[in-house]
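Asks: Can you read through this structure? Questions will come right after.
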Amino acid sequence: MKLTIINSVRTNNFNDNLVMQKITGLWEDAYKRITTPDSIIYGVYHNYESNYQGDYTLSIAIEDSKDEPSIEIPDSAKYKIFNVDTKDEQGIINTWKEIWNLEQSGTLKRAYSFDFEKYYPTGKIEIYIAIS
């Protein structure tokens, strides 16, 4: 799957005091640039330093035919899909906490290649975690 990158940021969930400001600013900038309201929007996590406690890059992207800049997510990758409770204001954060807890318990074996949040125009949100 080839996605056109709108914007990216490098951060860390545990060691970057500005993580929420960086991510919020990234999304605000991306929404200003997205001109088609019915686009599926992706929050792609990649270039992992190590595991979920290390640095990573978050890119906001859309399905588009533009050539650059883009990111290619291998079609052969295997994913576990988590549905976000969009009625819960903390739904995305709570889903990530669930993912991290599953990883810590050894139940989820992450590949740390490309993970992504998929935002549908209907409001539905799914988180795809690459598994090994």
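Here, A, B, ... name the chains of the structure tokens in the order displayed, residue numbers run from 1 inside each chain, and ligands are numbered from 1 in the same displayed order.
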Determine which residues of chain A receive a DSSP assignment of alpha helix (DSSP H), computed from the backbone, and state them as a PyMOL selection string.
Replies: chain A and resi 19-33+91-104
Asks: If we count only C-alpha atoms and set the cut-off at 9 Å, which residues sit around Tyr128 in chain A, ignoring sequence neighbours fewer than 2 positions away in its own chain? Please answer as an MDAnalysis selection string.
Replies: chainID A and resid 79:83 114:118 126 130
Asks: I'd like the contact shell of Ser39 in chain A - 12 Å cut-off, only C-alpha atoms, skipping same-chain residues fewer than 4 positions apart - returned as a CSV table (one decimal) with C-alpha atoms, in the first residue's frame.
Replies:
chain,number,residue,atom,x,y,z
A,3,LEU,CA,0.5,6.4,0.9
A,4,THR,CA,1.2,10.1,0.3
A,31,TYR,CA,-6.0,18.6,8.6
A,33,ARG,CA,-3.6,20.3,4.1
A,34,ILE,CA,-6.1,17.6,3.4
A,35,THR,CA,-8.6,18.9,0.9
A,61,ALA,CA,-0.7,10.2,5.2
A,62,ILE,CA,-3.5,9.6,2.8
A,63,GLU,CA,-4.2,7.2,-0.1
A,64,ASP,CA,-3.3,9.2,-3.1
A,118,LYS,CA,-6.7,4.2,10.0
A,119,TYR,CA,-9.3,7.0,10.2
A,120,TYR,CA,-12.4,6.5,8.1
A,121,PRO,CA,-14.7,9.3,7.0
A,122,THR,CA,-17.5,7.7,9.0
A,123,GLY,CA,-15.6,8.2,12.2
Asks: Can you pull out the residues contacting Ser113 in chain A? Cut-off 9 Å, using only C-alpha atoms, and skip same-chain residues under 6 positions away; I want them as a list in words.
Replies: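 Skipping anything fewer than 6 positions along the chain leaves Tyr45, His46, Asn47, Tyr48, Ile73, Ala77, Ala130 and Ile131 of chain A.
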Asks: Mind dumping the selected residues with all heavy atoms as a short mmCIF file (atom, residue, chain, number, x, y, z; two decimals), in the first residue's frame?
Replies:
data_model
loop_
_atom_site.label_atom_id
_atom_site.label_comp_id
_atom_site.auth_asym_id
_atom_site.auth_seq_id
_atom_site.Cartn_x
_atom_site.Cartn_y
_atom_site.Cartn_z
N TYR A 45 3.18 4.80 12.06
CA TYR A 45 4.31 4.74 13.00
C TYR A 45 5.39 3.88 12.36
O TYR A 45 5.14 2.73 11.99
CB TYR A 45 3.86 4.13 14.33
CG TYR A 45 2.78 4.95 15.01
CD1 TYR A 45 1.45 4.83 14.65
CD2 TYR A 45 3.12 5.86 16.01
CE1 TYR A 45 0.46 5.60 15.27
CE2 TYR A 45 2.14 6.63 16.62
CZ TYR A 45 0.82 6.49 16.24
OH TYR A 45 -0.16 7.25 16.85
N HIS A 46 6.60 4.44 12.26
CA HIS A 46 7.68 3.73 11.57
C HIS A 46 9.03 4.24 12.04
O HIS A 46 9.10 5.12 12.90
CB HIS A 46 7.52 3.84 10.04
CG HIS A 46 7.47 5.26 9.54
ND1 HIS A 46 8.51 5.83 8.86
CD2 HIS A 46 6.51 6.22 9.62
CE1 HIS A 46 8.19 7.07 8.52
NE2 HIS A 46 6.97 7.34 8.99
N ASN A 47 10.09 3.68 11.46
CA ASN A 47 11.46 4.03 11.85
C ASN A 47 11.65 3.91 13.36
O ASN A 47 12.17 4.81 14.02
CB ASN A 47 11.84 5.44 11.39
CG ASN A 47 11.94 5.54 9.89
OD1 ASN A 47 12.22 4.56 9.20
ND2 ASN A 47 11.70 6.72 9.36
N TYR A 48 11.19 2.77 13.89
CA TYR A 48 11.31 2.53 15.32
C TYR A 48 12.76 2.38 15.73
O TYR A 48 13.53 1.67 15.08
CB TYR A 48 10.57 1.25 15.71
CG TYR A 48 9.07 1.37 15.71
CD1 TYR A 48 8.31 0.86 14.66
CD2 TYR A 48 8.40 1.96 16.77
CE1 TYR A 48 6.93 0.94 14.67
CE2 TYR A 48 7.01 2.05 16.79
CZ TYR A 48 6.28 1.54 15.74
OH TYR A 48 4.91 1.62 15.76
N ILE A 73 3.92 0.66 2.53
CA ILE A 73 3.68 -0.35 3.56
C ILE A 73 3.56 -1.69 2.84
O ILE A 73 2.69 -1.84 1.98
CB ILE A 73 2.43 -0.03 4.38
CG1 ILE A 73 2.63 1.30 5.11
CG2 ILE A 73 2.13 -1.15 5.37
CD1 ILE A 73 1.43 1.80 5.87
N ALA A 77 2.82 -7.79 4.90
CA ALA A 77 2.87 -7.67 6.36
C ALA A 77 1.61 -8.27 6.99
O ALA A 77 0.52 -8.20 6.43
CB ALA A 77 3.03 -6.21 6.77
N ALA A 130 1.69 -4.35 13.30
CA ALA A 130 2.44 -5.37 12.57
C ALA A 130 2.92 -6.43 13.56
O ALA A 130 3.46 -6.10 14.63
CB ALA A 130 3.63 -4.74 11.85
N ILE A 131 2.69 -7.69 13.22
CA ILE A 131 3.08 -8.78 14.10
C ILE A 131 4.10 -9.67 13.40
O ILE A 131 4.15 -9.75 12.18
CB ILE A 131 1.85 -9.60 14.57
CG1 ILE A 131 1.03 -10.11 13.38
CG2 ILE A 131 0.99 -8.76 15.49
CD1 ILE A 131 -0.12 -11.02 13.75
#
Asks: Have a look at A:Ile129, A:Ile71, A:Ile6, A:Ile60 and name the one nearest to Arg110 in chain A; count only C-alpha atoms.
Replies: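 Answer, going by the shortest atom-to-atom distance: A:Ile129.
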Asks: Find, counting only C-alpha atoms, the residue in A:Ala111, A:Ile127, A:Ser59, A:Asp16 that gets nearest to Thr95 in chain A.
Replies: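 When distances to Thr95 in chain A are compared using only C-alpha atoms, the smallest one comes from A:Ile127.
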Asks: Would you compute the distance between CA of Arg10 in chain A and CA of Pro74 in chain A? Give it in Å to one decimal.
Replies: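 Interatomic distance, CA of Arg10 in chain A to CA of Pro74 in chain A: 21.4 Å.
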Asks: Using CA of Leu26 in chain A and CA of Gly43 in chain A as the two end points, give the distance in Å to one decimal.
Replies: 10.1 Å
